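Data from start_13.txt: compact mmCIF, C-alpha atoms
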# COMPACT_ATOMS: atom_id res chain seq x y z
CA MET A 64 104.40 111.29 79.32
CA SER A 65 105.36 107.64 79.34
CA LEU A 66 108.48 105.69 80.08
CA PRO A 67 110.71 104.84 77.12
CA ASN A 68 110.40 101.19 76.16
CA LEU A 69 113.29 98.89 76.96
CA GLN A 70 114.75 96.56 74.37
CA GLY A 71 117.80 94.42 74.90
CA ARG A 72 119.25 90.96 75.13
CA ALA A 73 118.71 88.67 78.10
CA ALA A 74 122.32 88.88 79.30
CA TRP A 75 121.65 86.41 82.12
CA ILE A 76 118.78 84.31 83.42
CA PHE A 77 118.84 83.60 87.14
CA LYS A 78 117.17 80.20 87.34
CA GLU A 79 116.99 80.01 91.11
CA ASP A 80 114.28 81.61 93.22
CA ASP A 81 115.16 83.76 96.26
CA PHE A 82 118.33 84.96 94.53
CA ASP A 83 120.54 87.08 96.77
CA ILE A 84 122.00 89.82 94.56
CA ASP A 85 125.14 90.01 96.68
CA LEU A 86 126.17 86.81 94.86
CA ILE A 87 126.45 88.82 91.63
CA ILE A 88 129.72 90.30 92.87
CA GLY A 89 130.51 87.82 95.65
CA ILE A 90 130.05 88.42 99.35
CA LYS A 91 133.76 89.15 99.83
CA ASN A 92 133.47 92.11 97.42
CA ILE A 93 130.44 93.75 99.04
CA LYS A 94 132.49 96.66 100.42
CA LEU A 95 134.10 97.58 97.11
CA SER A 96 133.06 101.04 95.99
CA ASP A 97 135.15 101.57 92.86
CA LEU A 98 132.94 100.82 89.84
CA GLN A 99 135.83 99.43 87.77
CA GLU A 100 136.67 96.94 90.53
CA LEU A 101 133.01 96.00 90.93
CA ALA A 102 132.61 95.50 87.17
CA ALA A 103 135.70 93.28 87.10
CA VAL A 104 134.21 90.86 89.65
CA THR A 105 130.60 90.97 88.40
CA MET A 106 129.20 87.52 87.65
CA THR A 107 132.63 85.85 87.57
CA THR A 108 131.25 82.90 89.56
CA TYR A 109 128.64 82.29 86.85
CA ASP A 110 130.35 83.44 83.65
CA PRO A 111 133.91 84.78 83.77
CA ASP A 112 133.28 86.58 80.44
CA PHE A 113 130.06 88.30 81.54
CA ALA A 114 131.54 91.81 81.86
CA ARG A 115 133.07 91.49 78.38
CA LEU A 116 129.89 90.12 76.74
CA VAL A 117 127.22 92.37 78.25
CA LYS A 118 126.19 95.38 76.15
CA LYS A 119 124.45 98.65 76.93
CA GLY A 120 120.71 98.04 77.04
CA ASP A 121 120.90 94.37 78.00
CA LEU A 122 118.46 93.03 80.56
CA LEU A 123 118.57 90.49 83.37
CA VAL A 124 115.87 87.87 83.90
CA GLY A 125 115.14 86.61 87.40
CA GLY A 126 112.95 84.18 89.27
CA HIS A 127 110.61 84.54 92.21
CA ASN A 128 111.64 86.87 95.03
CA PHE A 129 114.61 88.19 93.06
CA GLY A 130 116.82 90.37 95.24
CA TYR A 131 116.19 88.37 98.40
CA GLY A 132 118.47 89.18 101.32
CA HIS A 133 119.94 92.48 102.39
CA PRO A 134 119.33 95.15 99.75
CA HIS A 135 122.98 96.09 99.22
CA TYR A 136 123.61 98.35 96.25
CA PRO A 137 127.09 97.41 94.88
CA ALA A 138 125.91 94.51 92.69
CA MET A 139 123.31 96.54 90.84
CA ARG A 140 125.60 99.58 90.67
CA ALA A 141 128.04 97.29 88.84
CA MET A 142 125.29 96.06 86.51
CA ARG A 143 124.23 99.61 85.68
CA HIS A 144 127.88 100.51 85.09
CA LEU A 145 128.15 97.60 82.64
CA GLY A 146 125.10 98.88 80.76
CA VAL A 147 122.32 96.64 82.08
CA ALA A 148 119.08 98.58 81.56
CA GLY A 149 116.71 96.69 83.87
CA VAL A 150 115.56 93.43 85.42
CA ILE A 151 112.52 91.41 84.43
CA ALA A 152 111.64 88.84 87.10
CA GLU A 153 108.83 86.54 88.18
CA SER A 154 108.65 88.64 91.38
CA PHE A 155 110.93 90.78 93.53
CA SER A 156 111.89 90.98 97.16
CA PRO A 157 110.05 94.09 98.45
CA GLY A 158 113.16 95.78 99.89
CA PHE A 159 115.14 95.24 96.71
CA PHE A 160 112.24 96.47 94.58
CA ARG A 161 111.80 99.70 96.55
CA GLY A 162 115.53 100.36 96.68
CA GLU A 163 116.21 99.90 92.98
CA ILE A 164 113.11 101.79 91.83
CA SER A 165 114.19 104.64 94.13
CA MET A 166 117.53 104.64 92.31
CA GLY A 167 115.67 105.01 89.00
CA PHE A 168 116.43 101.46 87.86
CA PRO A 169 113.59 99.70 85.99
CA LEU A 170 112.24 96.49 87.51
CA ILE A 171 109.47 94.62 85.70
CA THR A 172 107.39 91.96 87.49
CA CYS A 173 106.42 89.48 84.78
CA PRO A 174 105.20 86.03 85.88
CA GLY A 175 106.29 83.37 83.38
CA ILE A 176 109.27 85.30 81.97
CA ARG A 177 111.77 82.49 82.57
CA ALA A 178 109.63 80.02 80.62
CA ILE A 179 109.76 82.10 77.43
CA THR A 180 113.37 83.33 77.59
CA THR A 181 116.77 81.83 76.91
CA ARG A 182 120.06 83.65 77.28
CA TRP A 183 120.72 86.29 74.61
CA ASP A 184 117.08 86.39 73.43
CA GLU A 185 116.05 89.91 72.43
CA LEU A 186 113.32 91.21 74.75
CA LYS A 187 111.12 94.29 74.50
CA VAL A 188 109.33 95.91 77.43
CA ASP A 189 106.36 98.00 76.30
CA TRP A 190 105.37 100.20 79.25
CA ASP A 191 102.13 101.41 77.66
CA ALA A 192 100.88 97.97 76.60
CA LEU A 193 102.25 96.38 79.84
CA THR A 194 103.84 93.55 77.86
CA VAL A 195 107.20 91.86 77.54
CA THR A 196 107.82 90.35 74.11
CA ASN A 197 110.50 87.86 73.15
CA LEU A 198 111.26 89.29 69.70
CA GLY A 199 112.79 86.03 68.44
CA SER A 200 109.92 83.71 69.32
CA GLY A 201 107.13 86.30 69.26
CA LYS A 202 105.92 85.10 72.67
CA GLN A 203 104.43 87.84 74.78
CA LEU A 204 103.48 88.14 78.45
CA PRO A 205 101.68 90.81 80.45
CA PHE A 206 103.50 92.40 83.34
CA GLU A 207 102.31 94.10 86.50
CA ALA A 208 101.71 97.83 86.20
CA LEU A 209 103.77 100.16 88.35
CA SER A 210 102.07 102.61 90.67
CA SER A 211 101.97 106.25 89.56
CA ILE A 212 104.70 107.08 92.09
CA GLU A 213 106.92 104.22 90.84
CA ARG A 214 106.44 105.35 87.20
CA GLY A 215 107.12 108.96 88.18
CA THR A 216 110.24 107.91 90.07
CA LEU A 217 111.59 106.03 87.02
CA MET A 218 110.72 108.90 84.67
CA ALA A 219 112.53 111.37 86.95
CA GLY A 220 115.60 109.15 87.21
CA GLY A 221 115.16 108.29 90.89
CA PHE A 222 113.24 109.20 94.01
CA ILE A 223 115.22 112.34 94.92
CA PRO A 224 114.72 113.95 91.48
CA TYR A 225 111.06 112.85 91.62
CA LEU A 226 110.53 114.59 94.97
CA LYS A 227 112.36 117.73 93.83
CA ALA A 228 110.18 117.96 90.71
CA ARG A 229 107.03 117.35 92.71
CA LEU A 230 107.95 120.02 95.27
CA ALA A 231 108.82 122.49 92.51
CA LYS A 232 105.43 121.84 90.91
CA GLN A 233 103.69 122.43 94.25
CA ASP A 234 105.63 125.67 94.77
CA GLN A 235 104.50 126.90 91.34
CA ALA A 236 100.87 126.11 92.16
CA THR A 237 100.97 127.86 95.54
CA PRO A 238 100.09 131.58 95.34
CA ALA A 239 102.74 133.92 96.71
CA ARG A 240 101.90 135.72 99.97
CA ALA A 241 102.55 139.40 100.40
Kindly present the structure from the file in structure tokens form.
Amino acid sequence: MSLPNLQGRAAWIFKEDDFDIDLIIGIKNIKLSDLQELAAVTMTTYDPDFARLVKKGDLLVGGHNFGYGHPHYPAMRAMRHLGVAGVIAESFSPGFFRGEISMGFPLITCPGIRAITTRWDELKVDWDALTVTNLGSGKQLPFEALSSIERGTLMAGGFIPYLKARLAKQDQATPARA
């Protein structure tokens, strides 16, 4: 079984490297837990209309070491709430990568992605071919394959469901003792 391909618009391109995701909602909003409040402040520093313009299935494009800093979850919770389906970046901060994959959120490491993408371009992530294609320009780039555990985690919808399914499979394979 394979992951469903992603296809959506590049709702935002983070041009800077070492981007701290807390800036997506603003440091002062880091303790907000209500998704409506988080959505209302998402990206207002960069584009006050972002929450109104983003659509379900849209993608974010990032630079090198995207997610740098403390791996707080509110910013990406807000993005998921707004419909963002994943992030394609030059590279990711390891803590951010592990945390978001464990939440079942697709992250695609694709060197060169910023060079072939402008805002609102339609992008397609083909998990089987390991390519990202800009559907408008036809430009295509390879991306780094996920490990089998990372793929399994995304397919299960997060690390907890992945572990539960794996344990259930092990229990089925273990003969019952009398």
Between A:Ala102, A:Arg214, A:Phe82, A:Ser96, which is the closest to Gly167 (chain A) once you count only C-alpha atoms?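 Nearest candidate to Gly167 (chain A) out of A:Ala102, A:Arg214, A:Phe82, A:Ser96: A:Arg214.
For the set A:Pro174, A:Pro67, A:Pro137, A:Pro238, the residue with the smallest atom-to-atom gap to Leu95 (chain A) is A:Pro137, counting all atoms listed in the file.
The space between CA of Val147 (chain A) and CA of Lys119 (chain A) spans 5.9 Å.
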Could you give me, as a Markdown table, every region 82-186 of chain A residue with an atom at most 10 Å from region 196-199 of chain A, plus its closest atom pair and distance in Å to one decimal, counting only C-alpha atoms, rows ordered by chain then number?
| residue | atom | partner | partner_atom | distance |
| --- | --- | --- | --- | --- |
| A:Ile176 | CA | A:Asn197 | CA | 9.3 |
| A:Ile179 | CA | A:Asn197 | CA | 7.2 |
| A:Thr180 | CA | A:Asn197 | CA | 7.0 |
| A:Thr181 | CA | A:Asn197 | CA | 9.5 |
| A:Asp184 | CA | A:Gly199 | CA | 6.6 |
| A:Glu185 | CA | A:Leu198 | CA | 5.5 |
| A:Leu186 | CA | A:Asn197 | CA | 4.7 |
Å distance separating CA of Ala208 (chain A) from CA of Ile171 (chain A), one decimal place: 8.4 Å
Extract, using only C-alpha atoms, all DNA, RNA and protein residues at most 12 Å from Thr108 (chain A), discarding same-chain residues fewer than 2 positions from it, and format them as a PyMOL selection string. chain A and resi 85-90+103-106+110-114
Excluding Phe129 (chain A) and its own-chain neighbours fewer than 5 positions away, which residues fall within 9 Å of it when counting all atoms listed in the file? Please give them as a PyMOL selection string. chain A and resi 77+79-84+152-156+159-160
For a quick check of understanding, using all atoms listed in the file, which of A:Gln233, A:Thr172, A:Ser165, A:Ser200 has the smallest distance to Gly220 (chain A)?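 Of all the options, A:Ser165 lies closest to Gly220 (chain A).
Checking A:Gly125, A:Gly120, A:Gly215, A:Pro134 one by one against Leu170 (chain A), counting all atoms listed in the file, you find the shortest gap at A:Gly125.
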Would you compute the distance between CA of Leu69 (chain A) and CA of Ile151 (chain A)? Give it in Å to one decimal.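 If I compute the distance from CA of Leu69 (chain A) to CA of Ile151 (chain A), I get 10.6 Å.
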Just checking: using all atoms listed in the file, which residue out of A:Met166, A:Asn128, A:Lys78, A:Ala141 ends up closest to Asp97 (chain A)?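 Ranking A:Met166, A:Asn128, A:Lys78, A:Ala141 by distance to Asp97 (chain A), first place goes to A:Ala141.
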Hey, can I get the axis-aligned box for region 144-161 of chain A? All listed atoms, 5 Å padding on each side, centre and edge lengths in Å to one decimal, as lines of an AutoDock Vina configuration file.
center_x = 118.4
center_y = 93.5
center_z = 90.3
size_x = 29.5
size_y = 24.0
size_z = 29.1
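Candidate residues A:Arg143, A:His133, A:Lys118, A:Lys91 were compared for distance to Arg72 (chain A), and the nearest is A:Lys118, using all atoms listed in the file.
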